[in-house]
file model_23.txt (compact mmCIF, C-alpha atoms and all ligand atoms)
# COMPACT_ATOMS: atom_id res chain seq x y z
CA MET Z 1 119.35 12.13 184.96
CA ARG Z 2 120.06 11.41 181.30
CA ILE Z 3 118.20 13.60 178.78
CA GLN Z 4 117.62 12.48 175.21
CA LEU Z 5 116.20 14.68 172.47
CA ASP Z 6 115.26 12.75 169.37
CA ASN Z 7 114.57 14.63 166.16
CA ILE Z 8 112.89 17.61 167.82
CA VAL Z 9 111.10 20.04 165.51
CA LYS Z 10 109.52 23.38 166.43
CA THR Z 11 107.74 25.76 164.08
CA PHE Z 12 106.30 29.16 165.03
CA ASP Z 13 103.53 29.99 162.52
CA THR Z 14 105.41 29.29 159.31
CA PHE Z 15 108.92 29.80 160.70
CA ARG Z 16 110.83 26.64 161.56
CA ALA Z 17 112.99 27.55 164.57
CA VAL Z 18 114.30 24.03 165.31
CA HIS Z 19 114.97 21.49 162.54
CA GLY Z 20 115.17 17.93 163.78
CA VAL Z 21 117.62 18.30 166.67
CA SER Z 22 118.88 15.13 168.39
CA LEU Z 23 120.99 15.35 171.50
CA ASP Z 24 121.99 12.84 174.16
CA ILE Z 25 123.04 14.42 177.46
CA ALA Z 26 124.62 12.00 179.92
CA SER Z 27 123.62 12.02 183.56
CA GLY Z 28 125.74 14.62 185.36
CA GLU Z 29 127.02 16.22 182.17
CA LEU Z 30 127.21 19.99 181.67
CA VAL Z 31 126.33 20.79 178.06
CA ALA Z 32 126.44 24.28 176.56
CA LEU Z 33 124.17 25.22 173.67
CA LEU Z 34 126.13 27.86 171.78
CA GLY Z 35 125.05 29.77 168.70
CA PRO Z 36 124.30 33.17 167.24
CA SER Z 37 121.12 35.04 168.05
CA GLY Z 38 118.07 33.27 166.64
CA SER Z 39 119.78 29.89 166.20
CA GLY Z 40 117.17 28.15 168.38
CA LYS Z 41 119.01 27.75 171.70
CA THR Z 42 116.29 29.14 173.95
CA THR Z 43 113.56 27.29 172.07
CA ILE Z 44 115.37 23.98 172.65
CA LEU Z 45 115.87 24.79 176.34
CA ARG Z 46 112.20 25.74 176.73
CA MET Z 47 111.17 22.41 175.17
CA VAL Z 48 113.39 20.52 177.61
CA ALA Z 49 111.79 22.56 180.40
CA GLY Z 50 108.25 21.87 179.22
CA LEU Z 51 107.56 25.58 178.70
CA GLU Z 52 107.15 24.92 174.99
CA PHE Z 53 106.09 21.73 173.23
CA ALA Z 54 107.77 20.14 170.23
CA ASP Z 55 105.75 19.69 167.01
CA ASP Z 56 107.62 16.50 166.33
CA GLY Z 57 110.19 14.28 168.01
CA THR Z 58 110.55 13.08 171.59
CA ILE Z 59 112.27 14.12 174.81
CA HIS Z 60 113.20 11.48 177.36
CA PHE Z 61 114.26 12.09 180.96
CA GLY Z 62 115.96 8.84 181.87
CA ASP Z 63 113.59 6.09 180.69
CA GLN Z 64 110.53 8.31 180.90
CA ASP Z 65 109.00 9.94 177.83
CA ALA Z 66 108.76 13.55 179.02
CA THR Z 67 107.60 15.00 175.69
CA GLY Z 68 104.08 15.86 176.87
CA ILE Z 69 104.77 16.35 180.59
CA PRO Z 70 104.08 19.96 181.72
CA VAL Z 71 106.76 22.09 183.30
CA ARG Z 72 105.58 21.71 186.92
CA ASP Z 73 105.96 17.92 186.76
CA ARG Z 74 109.36 17.74 185.06
CA GLY Z 75 111.55 18.35 188.09
CA VAL Z 76 113.68 21.00 186.41
CA GLY Z 77 115.30 24.06 187.96
CA PHE Z 78 115.79 27.24 185.93
CA VAL Z 79 117.89 30.34 186.01
CA PHE Z 80 117.32 33.04 183.41
CA GLN Z 81 119.24 36.15 182.44
CA HIS Z 82 116.90 38.56 184.14
CA TYR Z 83 116.77 37.86 187.81
CA ALA Z 84 113.24 36.92 188.61
CA LEU Z 85 113.70 37.21 192.36
CA PHE Z 86 110.66 38.47 194.25
CA PRO Z 87 111.66 42.00 195.26
CA HIS Z 88 109.46 42.14 198.37
CA MET Z 89 110.90 38.90 199.81
CA THR Z 90 114.23 38.49 201.57
CA LEU Z 91 116.87 36.30 199.98
CA ALA Z 92 116.01 33.51 202.43
CA GLU Z 93 112.31 33.78 201.55
CA ASN Z 94 113.14 33.77 197.84
CA ILE Z 95 115.18 30.59 198.23
CA ALA Z 96 112.50 28.96 200.39
CA PHE Z 97 109.68 29.86 198.01
CA GLY Z 98 109.64 26.66 195.92
CA MET Z 99 109.76 24.52 199.06
CA THR Z 100 106.55 26.06 200.41
CA THR Z 101 104.26 25.56 197.40
CA ALA Z 102 101.47 22.97 197.41
CA ARG Z 103 103.35 20.68 195.00
CA ALA Z 104 106.58 20.69 196.94
CA LYS Z 105 107.63 17.73 199.01
CA LYS Z 106 106.39 18.34 202.59
CA ARG Z 107 109.09 19.79 204.86
CA SER Z 108 108.82 21.23 208.36
CA ARG Z 109 109.68 24.90 208.97
CA GLN Z 110 112.95 23.78 210.57
CA GLU Z 111 113.84 21.62 207.59
CA ILE Z 112 113.16 24.51 205.22
CA ASP Z 113 115.27 26.92 207.32
CA ALA Z 114 118.11 24.40 207.44
CA ARG Z 115 117.98 23.89 203.68
CA VAL Z 116 117.99 27.66 203.07
CA GLU Z 117 121.07 28.03 205.29
CA GLU Z 118 122.77 25.17 203.48
CA LEU Z 119 122.02 26.76 200.08
CA LEU Z 120 123.15 30.22 201.21
CA GLY Z 121 126.44 28.57 202.17
CA LEU Z 122 126.68 26.75 198.84
CA VAL Z 123 126.26 29.99 196.87
CA ARG Z 124 128.62 31.79 199.29
CA LEU Z 125 126.05 34.20 200.71
CA LYS Z 126 126.03 33.02 204.30
CA GLY Z 127 124.66 35.64 206.64
CA LEU Z 128 122.88 37.60 203.90
CA GLY Z 129 119.55 35.73 204.06
CA GLY Z 130 117.76 38.69 205.65
CA ARG Z 131 118.62 41.13 202.85
CA PHE Z 132 116.31 42.05 200.00
CA PRO Z 133 117.29 41.61 196.32
CA SER Z 134 117.76 45.38 195.92
CA GLN Z 135 120.46 45.28 198.62
CA ILE Z 136 122.84 42.94 196.78
CA SER Z 137 124.81 43.05 193.50
CA GLY Z 138 123.71 41.59 190.16
CA GLY Z 139 126.16 38.71 190.47
CA GLN Z 140 124.90 37.93 193.97
CA ARG Z 141 121.30 37.99 192.70
CA GLN Z 142 122.15 35.35 190.11
CA ARG Z 143 123.68 33.23 192.86
CA VAL Z 144 120.45 33.53 194.83
CA ALA Z 145 118.51 32.59 191.67
CA LEU Z 146 120.63 29.44 191.43
CA ALA Z 147 120.07 28.64 195.10
CA ARG Z 148 116.33 29.04 194.57
CA ALA Z 149 116.45 26.72 191.54
CA LEU Z 150 118.40 24.13 193.56
CA ALA Z 151 116.10 24.32 196.59
CA VAL Z 152 113.59 21.86 195.19
CA ASP Z 153 116.27 19.24 194.35
CA PRO Z 154 115.84 19.39 190.57
CA LYS Z 155 116.87 16.41 188.46
CA VAL Z 156 117.92 18.78 185.70
CA LEU Z 157 119.22 22.35 185.75
CA LEU Z 158 118.45 24.69 182.85
CA LEU Z 159 120.34 27.96 182.58
CA ASP Z 160 119.53 30.53 179.90
CA GLU Z 161 122.24 33.20 179.63
CA PRO Z 162 122.25 33.43 183.44
CA PHE Z 163 125.21 35.83 183.45
CA GLY Z 164 124.22 37.74 180.31
CA ALA Z 165 123.42 41.00 182.09
CA LEU Z 166 126.62 41.15 184.15
CA ASP Z 167 129.96 42.76 183.37
CA ALA Z 168 132.83 40.72 181.94
CA LYS Z 169 134.86 40.28 185.14
CA VAL Z 170 131.84 39.17 187.22
CA ARG Z 171 130.83 36.80 184.42
CA ARG Z 172 134.25 35.15 184.45
CA ASP Z 173 134.16 34.72 188.23
CA LEU Z 174 130.64 33.28 188.17
CA ARG Z 175 131.61 30.83 185.44
CA LYS Z 176 134.34 29.32 187.58
CA TRP Z 177 131.99 29.27 190.56
CA LEU Z 178 129.20 27.57 188.60
CA ARG Z 179 131.57 24.89 187.37
CA GLU Z 180 132.68 24.22 190.96
CA ILE Z 181 129.05 23.92 192.10
CA HIS Z 182 128.33 21.59 189.21
CA ASP Z 183 131.29 19.38 190.11
CA GLN Z 184 130.07 19.31 193.69
CA LEU Z 185 126.42 18.46 192.94
CA GLY Z 186 126.66 16.63 189.59
CA ILE Z 187 123.22 17.73 188.35
CA THR Z 188 122.69 17.28 184.61
CA THR Z 189 122.88 20.83 183.28
CA LEU Z 190 121.99 22.51 179.99
CA PHE Z 191 123.44 25.99 179.63
CA VAL Z 192 122.47 28.42 176.84
CA THR Z 193 124.91 31.11 175.79
CA HIS Z 194 126.03 33.07 172.74
CA ASP Z 195 129.41 33.69 174.40
CA GLN Z 196 132.03 31.31 172.98
CA GLU Z 197 134.46 31.76 175.84
CA GLU Z 198 131.77 31.09 178.43
CA ALA Z 199 130.74 27.85 176.70
CA LEU Z 200 134.34 26.68 176.28
CA ASP Z 201 135.27 27.49 179.89
CA LEU Z 202 132.26 25.85 181.47
CA ALA Z 203 131.01 22.90 179.53
CA ASP Z 204 131.96 19.25 179.24
CA ARG Z 205 130.52 19.37 175.74
CA VAL Z 206 129.70 22.29 173.48
CA VAL Z 207 126.84 22.01 171.01
CA ILE Z 208 127.00 24.64 168.27
CA LEU Z 209 123.75 25.61 166.60
CA ASN Z 210 123.05 27.54 163.44
CA GLU Z 211 119.60 28.20 161.99
CA GLY Z 212 117.93 25.63 164.22
CA LYS Z 213 120.37 22.80 163.48
CA ILE Z 214 123.33 21.33 165.32
CA VAL Z 215 126.43 22.03 163.25
CA GLN Z 216 129.03 20.55 165.61
CA GLU Z 217 129.12 18.98 169.06
CA ALA Z 218 132.34 18.07 170.81
CA SER Z 219 134.49 18.73 173.86
CA PRO Z 220 135.89 22.27 174.13
CA THR Z 221 139.32 20.89 173.17
CA ASP Z 222 138.05 19.21 170.01
CA ILE Z 223 135.88 22.17 169.04
CA CYS Z 224 138.91 24.47 169.26
CA ARG Z 225 141.35 22.11 167.57
CA SER Z 226 139.06 20.75 164.88
CA PRO Z 227 136.24 23.11 163.92
CA ASN Z 228 134.36 21.21 161.22
CA SER Z 229 133.19 24.06 159.00
CA ALA Z 230 133.86 27.61 157.91
CA PHE Z 231 130.84 28.65 160.01
CA VAL Z 232 132.26 27.17 163.23
CA MET Z 233 135.72 28.54 162.50
CA ARG Z 234 134.33 32.06 162.08
CA PHE Z 235 131.87 31.80 164.95
CA LEU Z 236 134.46 30.68 167.51
CA GLY Z 237 136.54 33.82 167.27
CA ASP Z 238 139.07 35.99 165.46
CA THR Z 239 140.21 34.35 162.28
CA ASN Z 240 142.00 35.28 159.07
CA VAL Z 241 140.72 33.90 155.80
CA PHE Z 242 141.77 33.87 152.17
CA THR Z 243 140.44 32.07 149.13
CA ALA Z 244 142.69 29.73 147.20
CA GLU Z 245 142.74 26.72 144.88
CA VAL Z 246 143.36 23.28 146.31
CA ALA Z 247 145.36 21.04 143.98
CA GLY Z 248 146.47 17.57 145.00
CA GLY Z 249 145.85 18.17 148.70
CA VAL Z 250 147.93 21.35 148.82
CA VAL Z 251 147.31 25.12 148.73
CA LEU Z 252 150.08 27.37 147.48
CA LYS Z 253 150.26 30.89 148.88
CA GLY Z 254 153.32 33.01 148.14
CA ALA Z 255 156.33 30.86 149.00
CA ALA Z 256 154.22 28.82 151.43
CA SER Z 257 152.76 25.40 150.73
CA LEU Z 258 149.85 24.60 153.04
CA GLU Z 259 148.52 21.11 153.56
CA ALA Z 260 144.89 20.48 152.55
CA SER Z 261 144.69 16.71 152.56
CA GLY Z 262 141.20 15.32 152.14
CA VAL Z 263 139.94 18.56 150.59
CA PRO Z 264 138.80 18.10 146.99
CA ASP Z 265 140.60 19.99 144.22
CA GLY Z 266 138.97 23.35 143.52
CA PRO Z 267 138.19 26.63 145.26
CA ALA Z 268 138.54 26.69 149.05
CA GLU Z 269 138.79 29.02 151.99
CA VAL Z 270 141.89 28.84 154.16
CA PHE Z 271 141.52 29.98 157.79
CA PHE Z 272 144.11 30.68 160.43
CA ARG Z 273 143.92 32.36 163.82
CA PRO Z 274 146.01 35.50 164.51
CA SER Z 275 148.00 33.54 167.10
CA ASP Z 276 148.68 30.71 164.63
CA ALA Z 277 151.00 32.78 162.44
CA SER Z 278 154.49 34.10 163.15
CA TRP Z 279 156.25 37.17 161.81
CA SER Z 280 159.69 37.30 160.24
CA SER Z 281 161.53 40.42 159.08
CA SER Z 282 162.96 38.38 156.21
CA GLU Z 283 160.90 38.87 153.05
CA ASP Z 284 161.41 35.50 151.45
CA ASP Z 285 160.37 33.32 154.30
CA GLY Z 286 156.70 32.39 153.71
CA ILE Z 287 153.93 34.76 152.68
CA SER Z 288 155.33 38.23 151.92
CA VAL Z 289 153.54 41.04 153.74
CA THR Z 290 153.74 44.73 154.59
CA VAL Z 291 152.90 45.83 158.15
CA ASN Z 292 150.13 48.44 157.95
CA ARG Z 293 149.59 48.94 161.65
CA VAL Z 294 150.94 47.75 164.99
CA MET Z 295 148.49 47.61 167.91
CA ASP Z 296 149.94 46.99 171.36
CA ARG Z 297 148.14 45.00 174.04
CA PRO Z 298 149.34 43.80 177.45
CA GLY Z 299 151.58 40.84 176.69
CA GLU Z 300 151.27 40.94 172.89
CA ARG Z 301 151.34 43.01 169.71
CA ASN Z 302 148.74 42.77 166.96
CA LEU Z 303 150.07 43.35 163.47
CA LEU Z 304 147.70 44.28 160.67
CA VAL Z 305 149.47 43.15 157.53
CA SER Z 306 148.65 42.94 153.82
CA THR Z 307 149.96 40.77 151.01
CA PRO Z 308 150.92 42.01 147.53
CA THR Z 309 147.73 40.36 146.23
CA GLY Z 310 145.51 42.39 148.57
CA ASP Z 311 144.79 39.98 151.47
CA HIS Z 312 144.58 41.59 154.91
CA PHE Z 313 145.59 39.53 157.94
CA GLU Z 314 145.99 40.05 161.66
CA VAL Z 315 148.96 38.39 163.34
CA ARG Z 316 149.60 38.20 167.09
CA VAL Z 317 153.25 38.36 168.13
CA PRO Z 318 155.04 38.54 171.51
CA SER Z 319 155.12 42.03 173.04
CA MET Z 320 158.91 42.34 172.74
CA THR Z 321 158.89 41.77 168.94
CA ASP Z 322 160.67 44.60 167.12
CA VAL Z 323 158.47 45.56 164.23
CA GLU Z 324 157.29 48.89 162.81
CA GLN Z 325 154.50 50.20 160.67
CA GLY Z 326 155.52 50.16 156.99
CA GLN Z 327 158.08 47.36 157.49
CA LYS Z 328 158.21 44.56 154.92
CA GLY Z 329 158.64 40.95 155.95
CA SER Z 330 156.74 37.70 155.87
CA ILE Z 331 154.49 35.47 157.91
CA ARG Z 332 154.49 31.74 158.40
CA ILE Z 333 151.27 29.91 159.21
CA ALA Z 334 151.75 27.20 161.83
CA ASN Z 335 148.19 25.94 161.98
CA HIS Z 336 145.34 26.34 159.52
CA ARG Z 337 142.04 24.82 158.32
CA VAL Z 338 140.89 24.49 154.73
CA PHE Z 339 137.22 24.17 153.75
CA PRO Z 340 135.98 23.78 150.19
CA VAL Z 341 133.80 26.54 148.79
CA ALA Z 342 130.56 24.99 147.55
CA ALA Z 343 129.78 25.59 143.89
CA GLY Z 344 127.56 28.65 143.53
CA ALA Z 345 128.44 29.88 147.06
N1 LIG Z 401 107.09 32.52 170.46
C1 LIG Z 401 107.65 32.72 169.27
N2 LIG Z 401 106.93 33.10 168.20
C2 LIG Z 401 107.51 33.28 166.99
N3 LIG Z 401 108.83 33.11 166.74
C3 LIG Z 401 109.61 32.75 167.77
C4 LIG Z 401 109.07 32.53 169.08
N4 LIG Z 401 110.11 32.16 169.90
C5 LIG Z 401 111.22 32.16 169.13
N5 LIG Z 401 110.92 32.50 167.85
C6 LIG Z 401 111.87 32.57 166.73
O1 LIG Z 401 112.59 31.36 166.67
C7 LIG Z 401 113.97 31.60 166.36
C8 LIG Z 401 114.84 30.98 167.43
O2 LIG Z 401 114.66 31.72 168.62
P1 LIG Z 401 115.46 31.41 169.95
O3 LIG Z 401 115.00 32.38 170.99
O4 LIG Z 401 115.33 29.97 170.25
O5 LIG Z 401 116.95 31.72 169.51
P2 LIG Z 401 118.24 31.91 170.40
O6 LIG Z 401 119.31 31.15 169.70
O7 LIG Z 401 117.96 31.56 171.80
O8 LIG Z 401 118.51 33.45 170.25
P3 LIG Z 401 119.01 34.55 171.33
O9 LIG Z 401 120.46 34.26 171.59
O10 LIG Z 401 118.81 35.85 170.60
O11 LIG Z 401 118.14 34.41 172.54
C9 LIG Z 401 114.13 33.11 166.23
O12 LIG Z 401 114.10 33.45 164.86
C10 LIG Z 401 112.93 33.65 166.96
O13 LIG Z 401 112.52 34.90 166.41

call {"tool": "encode", "arguments": {"input": "model_23.txt", "output": "structure tokens"}}
result
Amino acid sequence: MRIQLDNIVKTFDTFRAVHGVSLDIASGELVALLGPSGSGKTTILRMVAGLEFADDGTIHFGDQDATGIPVRDRGVGFVFQHYALFPHMTLAENIAFGMTTARAKKRSRQEIDARVEELLGLVRLKGLGGRFPSQISGGQRQRVALARALAVDPKVLLLDEPFGALDAKVRRDLRKWLREIHDQLGITTLFVTHDQEEALDLADRVVILNEGKIVQEASPTDICRSPNSAFVMRFLGDTNVFTAEVAGGVVLKGAASLEASGVPDGPAEVFFRPSDASWSSSEDDGISVTVNRVMDRPGERNLLVSTPTGDHFEVRVPSMTDVEQGQKGSIRIANHRVFPVAAGA
């Protein structure tokens, strides 16, 4: 089912939480809404669900205008961060719940039992249908929550930080699992997260929000290779930054000349990731630096370095690199982005 949001606006009292968001989600696509806290992700998801109504703009499900259709008639399945499983029901009863309500398509007891078994298999919990939610782990509960959402054959799946309360390792495992389920079922899915890695690992397309507006939407590859603003560059993860003057499409820094084609002459910010710079013990090789600290990690070393002009950078080098605190040398930047600094900013 294709979902189209056209110029959606939502204001709470006087606070505008969503400013004219337009988004076209293809049938079968998995789209992640990614942004800092308060950027409007949940509000957009709730409007797609029909739990909240837009003040302006339209939402289409396929050819149908769904803007004013209430949640129970939209055919959406949800999973939220906090497991809303019924504690007094077994896992099988939880999964069957939506199939037994008055609005559900009529199924015989046998059909319901067969569907529950099928879903328990899909979420890899075969044989555990008789347990209660308190008798399984947090990750397993979220798998049951997904099975319950899928039980009513939703046209659209909406997931709001479904793994937010789980530890990092379980989250990573569930991410891979969710992507496999998505590939198997092909249900159009909108996934809200503030975790960059989760969005990049899972989604076909990542939509980055800031202050209720879309600031960039692209495939994970394009988002990582071509962040379109200083905000996206910073938001996506560890980055170094220094201010400089662009002149004739070039930034000069120490002995290094960095390309800035297309950037207007004037003040700019230059960004590079710690893994996009290399270290050399020769001092006249790029940007001269002093190593202030060496931090070892499995498989790599993080160097905290400073330039004679007072910039502080972090550089990631292979774990076997011979380098010591206090050593002088230089760094070369292999990949960088330059964004103009707006006047008055
Ligand atoms: N019912 C409400 N009444 C008033 N303000 C609200 C309401 N719901 C959300 N907001 C405000 O709208 C803005 C966007 O909220 P939203 O929950 O959509 O953000 P979010 O990106 O999902 O954040 P988080 O990652 O923290 O959940 C926030 O400033 C929030 O305080």

call {"tool": "closest_atom_pairs", "arguments": {"input": "model_23.txt", "of": "chain Z", "to": "ligand LIG 401 (chain Z)", "cutoff": "10 Å", "atoms": "all atoms listed in the file", "output": "tab-separated table"}}
result
residue	atom	partner	partner_atom	distance
Z:Lys10	CA	Z:LIG401	O1	8.6
Z:Thr11	CA	Z:LIG401	O1	7.8
Z:Phe12	CA	Z:LIG401	C2	4.7
Z:Asp13	CA	Z:LIG401	C2	6.8
Z:Thr14	CA	Z:LIG401	C2	8.9
Z:Phe15	CA	Z:LIG401	N3	6.9
Z:Arg16	CA	Z:LIG401	O1	7.2
Z:Ala17	CA	Z:LIG401	O1	4.4
Z:Val18	CA	Z:LIG401	C8	7.3
Z:Leu33	CA	Z:LIG401	O6	8.6
Z:Leu34	CA	Z:LIG401	O6	7.9
Z:Gly35	CA	Z:LIG401	O6	6.0
Z:Pro36	CA	Z:LIG401	O9	5.9
Z:Ser37	CA	Z:LIG401	O10	3.5
Z:Gly38	CA	Z:LIG401	O5	3.4
Z:Ser39	CA	Z:LIG401	O6	3.7
Z:Gly40	CA	Z:LIG401	O4	3.2
Z:Lys41	CA	Z:LIG401	O7	4.0
Z:Thr42	CA	Z:LIG401	O7	3.6
Z:Thr43	CA	Z:LIG401	O4	3.7
Z:Ile44	CA	Z:LIG401	O4	6.5
Z:Leu45	CA	Z:LIG401	O4	8.0
Z:Arg46	CA	Z:LIG401	O4	8.3
Z:Met47	CA	Z:LIG401	O4	9.9
Z:Glu52	CA	Z:LIG401	N1	8.8
Z:Asp160	CA	Z:LIG401	O7	8.3
Z:Glu161	CA	Z:LIG401	O11	8.3
Z:Val192	CA	Z:LIG401	O7	7.5
Z:Thr193	CA	Z:LIG401	O9	6.9
Z:His194	CA	Z:LIG401	O9	5.8
Z:Asp195	CA	Z:LIG401	O9	9.4
Z:Leu209	CA	Z:LIG401	O6	7.7
Z:Asn210	CA	Z:LIG401	O6	8.1
Z:Glu211	CA	Z:LIG401	C8	7.7
Z:Gly212	CA	Z:LIG401	C8	7.0

call {"tool": "residues_around", "arguments": {"input": "model_23.txt", "residues": "Val31 (chain Z)", "least_positions_apart": "6", "cutoff": "9 Å", "atoms": "all atoms listed in the file", "output": "PyMOL selection string"}}
result
chain Z and resi 25+188-192+199+202-207

call {"tool": "atom_distance", "arguments": {"input": "model_23.txt", "atom1": "CA of Ser278 (chain Z)", "atom2": "CA of Ala334 (chain Z)"}}
result
7.5 Å

call {"tool": "closest_residue", "arguments": {"input": "model_23.txt", "among": "Z:Ile136, Z:Val152, Z:Ala66, Z:Leu185", "to": "Ala96 (chain Z)", "atoms": "only C-alpha atoms"}}
result
Z:Val152

call {"tool": "residues_around", "arguments": {"input": "model_23.txt", "residues": "region 72-79 of chain Z", "least_positions_apart": "6", "cutoff": "12 Å", "atoms": "only C-alpha atoms", "output": "ChimeraX atom specification"}}
result
/Z:1,3,45-51,59-62,64-66,85,98,101-105,141-164,178,187-192

call {"tool": "closest_residue", "arguments": {"input": "model_23.txt", "among": "Z:Ser219, Z:Ser306, Z:Gln327, Z:Ser282", "to": "Leu30 (chain Z)", "atoms": "all atoms listed in the file"}}
result
Z:Ser219

call {"tool": "atom_distance", "arguments": {"input": "model_23.txt", "atom1": "CA of Asp167 (chain Z)", "atom2": "CA of Phe231 (chain Z)"}}
result
27.3 Å

call {"tool": "residues_near_point", "arguments": {"input": "model_23.txt", "point": "(129.1, 26.3, 193.4)", "cutoff": "6 Å", "atoms": "all atoms listed in the file", "output": "PyMOL selection string"}}
result
chain Z and resi 122-123+177-178+180-181

call {"tool": "axis_aligned_box", "arguments": {"input": "model_23.txt", "around": "region 123-130 of chain Z", "padding_each_side": "6 Å", "output": "JSON"}}
result
{"center_x": 123.2, "center_y": 34.3, "center_z": 201.8, "size_x": 22.9, "size_y": 20.7, "size_z": 21.8}

call {"tool": "closest_residue", "arguments": {"input": "model_23.txt", "among": "Z:Leu236, Z:Asp311, Z:Ile287, Z:Pro227", "to": "Leu252 (chain Z)", "atoms": "only C-alpha atoms"}}
result
Z:Ile287

call {"tool": "residues_around", "arguments": {"input": "model_23.txt", "residues": "Ala230 (chain Z)", "least_positions_apart": "5", "cutoff": "9 Å", "atoms": "all atoms listed in the file", "output": "number ranges by chain"}}
result
Z: 235, 269-271, 337-340

call {"tool": "atom_distance", "arguments": {"input": "model_23.txt", "atom1": "CA of Lys169 (chain Z)", "atom2": "CA of Ile223 (chain Z)"}}
result
24.3 Å

call {"tool": "closest_residue", "arguments": {"input": "model_23.txt", "among": "Z:Arg131, Z:Arg124, Z:Arg175, Z:Arg293", "to": "Ala92 (chain Z)", "atoms": "all atoms listed in the file"}}
result
Z:Arg131

call {"tool": "residues_around", "arguments": {"input": "model_23.txt", "residues": "Gly237 (chain Z)", "least_positions_apart": "3", "cutoff": "9 Å", "atoms": "all atoms listed in the file", "output": "PyMOL selection string"}}
result
chain Z and resi 196+232-234+273

call {"tool": "write_last_selection", "arguments": {"input": "model_23.txt", "atoms": "C-alpha atoms", "output": "PDB file, in the coordinates of the input"}}
result
ATOM      1  CA  GLN Z 196     132.030  31.310 172.980  1.00  0.00           C
ATOM      2  CA  VAL Z 232     132.260  27.170 163.230  1.00  0.00           C
ATOM      3  CA  MET Z 233     135.720  28.540 162.500  1.00  0.00           C
ATOM      4  CA  ARG Z 234     134.330  32.060 162.080  1.00  0.00           C
ATOM      5  CA  ARG Z 273     143.920  32.360 163.820  1.00  0.00           C
TER       6      ARG Z 273
END

call {"tool": "residues_around", "arguments": {"input": "model_23.txt", "residues": "Ala260 (chain Z)", "least_positions_apart": "3", "cutoff": "8 Å", "atoms": "only C-alpha atoms", "output": "PyMOL selection string"}}
result
chain Z and resi 246+249-251+263+337-338

call {"tool": "write_last_selection", "arguments": {"input": "model_23.txt", "atoms": "C-alpha atoms", "output": "mmCIF file, in the frame of the given file"}}
result
data_model
loop_
_atom_site.group_PDB
_atom_site.id
_atom_site.type_symbol
_atom_site.label_atom_id
_atom_site.label_comp_id
_atom_site.auth_asym_id
_atom_site.auth_seq_id
_atom_site.Cartn_x
_atom_site.Cartn_y
_atom_site.Cartn_z
ATOM 1 C CA VAL Z 246 143.360 23.280 146.310
ATOM 2 C CA GLY Z 249 145.850 18.170 148.700
ATOM 3 C CA VAL Z 250 147.930 21.350 148.820
ATOM 4 C CA VAL Z 251 147.310 25.120 148.730
ATOM 5 C CA VAL Z 263 139.940 18.560 150.590
ATOM 6 C CA ARG Z 337 142.040 24.820 158.320
ATOM 7 C CA VAL Z 338 140.890 24.490 154.730
#
